[in-house]
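Heads up, the thing below is written out as structure tokens.
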Amino acid sequence: MSVSVDVWSDFVCPFCFLVSTSLKRLEETHDIELTWHAFELRPFGSPPPDAQYRQFIAEKTPAMVAMAKAQYGVDIQQGPFGIDSRWAHRATKWAEQQGAGNGFAKAVLAAYWLQGQDISQIEVLAACAESVGLDASNLQASLAEPLYDEAVEEDIALAQQLRLSGVPASVFAKRYLVVGAQPYEVFADVLQQALDPQQPSN
């Protein structure tokens, strides 16, 4: 029995990338239907981060990189800080329409967090699309269509309705909310609860 897992995330959020590693493992061991939803930590059109915030992030980054290596086994190589993720969210909706939303979202996360690429650039998004078998020859023109921006706004509005104030936020079977970059074992336990609500969790 397949279980739906709806994940609200922003591509420039390190914990959203880390949660993708736990969910990837969950996909390998369980039958889940993973859907990525847009959530912007810095809403579209926000001014660039100021110097004080940039310094704060720079000071916190080494600890985050070390934690990612120790707990998740990944070597972080972050893309440019402060970029606009709206195009990446639009492109995910475009890929989703073609049945490749999950693979594309994971490719974008990897491009930004493992390859240090600028995912606000159309050529980077096109390469991610091609890596999951999509034809990205007209990607820029396609993403200019209003329906993809509208789909992103719908995700953001739904997050507000669900009172999701931060990401990553994962909802199993439309019922069980898991907040944060939890390890695989936590997700596996929640999944079991979704499959058998009468079964007590560990």
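Going through the structure tokens in order, the chains are called A, B, and so on, while each chain numbers its residues from 1 and the ligands are numbered from 1 in the order shown.
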Exercise: A:Ile156 partners within 9 Å, only C-alpha atoms, chain neighbours under 5 positions left out, as a short mmCIF file (atom, residue, chain, number, x, y, z; two decimals) with N, CA, C and O atoms, in the first residue's frame:
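Contents of part31.cif, as written:
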data_model
loop_
_atom_site.label_atom_id
_atom_site.label_comp_id
_atom_site.auth_asym_id
_atom_site.auth_seq_id
_atom_site.Cartn_x
_atom_site.Cartn_y
_atom_site.Cartn_z
N TRP A 8 6.83 20.14 2.32
CA TRP A 8 7.01 21.57 2.04
C TRP A 8 8.47 21.91 2.31
O TRP A 8 9.03 21.57 3.36
N HIS A 37 6.37 20.40 -2.23
CA HIS A 37 5.57 21.62 -2.27
C HIS A 37 6.45 22.83 -1.97
O HIS A 37 7.37 22.76 -1.16
N ALA A 38 6.11 23.94 -2.59
CA ALA A 38 6.91 25.16 -2.45
C ALA A 38 6.65 25.86 -1.12
O ALA A 38 5.51 25.96 -0.65
N PHE A 39 7.73 26.36 -0.54
CA PHE A 39 7.68 27.20 0.65
C PHE A 39 8.88 28.12 0.56
O PHE A 39 10.02 27.64 0.47
N GLU A 40 8.66 29.42 0.58
CA GLU A 40 9.77 30.36 0.42
C GLU A 40 10.17 30.97 1.77
O GLU A 40 9.39 31.66 2.41
N ALA A 151 0.66 27.78 -9.33
CA ALA A 151 0.81 26.53 -8.60
C ALA A 151 1.70 26.70 -7.38
O ALA A 151 1.44 26.12 -6.30
N GLN A 161 -2.64 27.53 5.41
CA GLN A 161 -3.86 26.90 5.92
C GLN A 161 -3.53 25.80 6.93
O GLN A 161 -4.25 25.62 7.91
#
Inset, instruction - Find the spatial neighbours of A:Ala169, counting only C-alpha atoms, within a cut-off of 9 Å - ignore same-chain residues fewer than 6 positions away - and output them as a list in words. - result: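 Close residues of A:Ala169: Asp6, Val7, Trp8, Ser9, Cys16, Leu177, Val178, Val179, Gly180 and Ala181 of chain A.
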Inset, instruction - May I have all residues of stretch 20-121 of chain A that DSSP, computed from the backbone, assigns to strand (DSSP E or B), given as a PyMOL selection string? - result: chain A and resi 32-38
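For the residues A:Gln71, A:Thr35, A:Ser46, A:Gln78, ranking by smallest atom-to-atom distance to A:Gly103 using only C-alpha atoms places A:Thr35 first.
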Legend entry - Nearest candidate to A:Gln77 (options A:Phe11, A:Tyr112, A:Phe187, A:Tyr176; using only C-alpha atoms):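 That would be A:Tyr112, the residue with the smallest distance to A:Gln77.
Residue nearest A:Ser20, chosen from A:Ser131, A:Asn102, A:Ser120, A:Gln115 and counting only C-alpha atoms: A:Asn102.
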Inset, instruction - Might you pull out every residue within 10 Å of stretch 133-143 of chain A, with only C-alpha atoms counted and same-chain residues fewer than 4 positions away left off, and present them as a VMD selection string? - result: chain A and resid 87 to 95 98 to 100 103 to 104 121 to 123 125 to 129 147 to 149
Legend entry - stretch 21-188 of chain A: residues DSSP assigns to helix (DSSP H, G or I), reported as a ChimeraX atom specification: /A:21-29,51-72,86-97,101-113,122-131,139-143,146-161,184-188
Inset, instruction - Check the smallest atom-to-atom distance from each of A:Ala188, A:Ala105, A:Leu164, A:Ala63 to A:Asp31 using only C-alpha atoms, then report the winner. - result: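 Looking only at the distances to A:Asp31, the closest residue turns out to be A:Ala188.
Nearest to A:Asp196 of all the residues A:Ser22, A:Ala173, A:Leu41, A:Glu154 is A:Ala173, counting only C-alpha atoms.
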Legend entry - Distance query stretch 48-60 of chain A at most 12 Å, only C-alpha atoms, self and fewer than 5 positions along chain excluded, as a list in words: Cys13, Pro14, Leu41, Arg42, Pro43, Val65, Ala66, Met67, Gln78, Pro80, Phe81, Gly82, Ile83 and Asp84 of chain A
Inset, instruction - Find the residue from A:Arg86, A:Lys106, A:Lys174, A:Lys69 that sits nearest to A:Val3; use only C-alpha atoms when measuring. - result: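 The answer is A:Lys174, which sits nearest to A:Val3.
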Inset, instruction - Quote the spacing between atom CA of A:His30 and atom CA of A:Ser165 in Å to one decimal place. - result: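 Atom-to-atom, atom CA of A:His30 to atom CA of A:Ser165, that is 28.1 Å.
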Inset, instruction - Tell me, as an MDAnalysis selection string, which residues lie within 9 Å of A:Leu23, counting only C-alpha atoms; anything in the same chain fewer than 2 positions away does not count. - result: chainID A and resid 18:21 25:28 34 183:184 187
Inset, instruction - Between atom CA of A:Phe15 and atom CA of A:Ile76, measure the distance and give it in Å to one decimal. - result: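 Between atom CA of A:Phe15 and atom CA of A:Ile76 the gap is 11.4 Å.
Between atom CA of A:Val186 and atom CA of A:Phe172 the interatomic distance comes to 12.0 Å.
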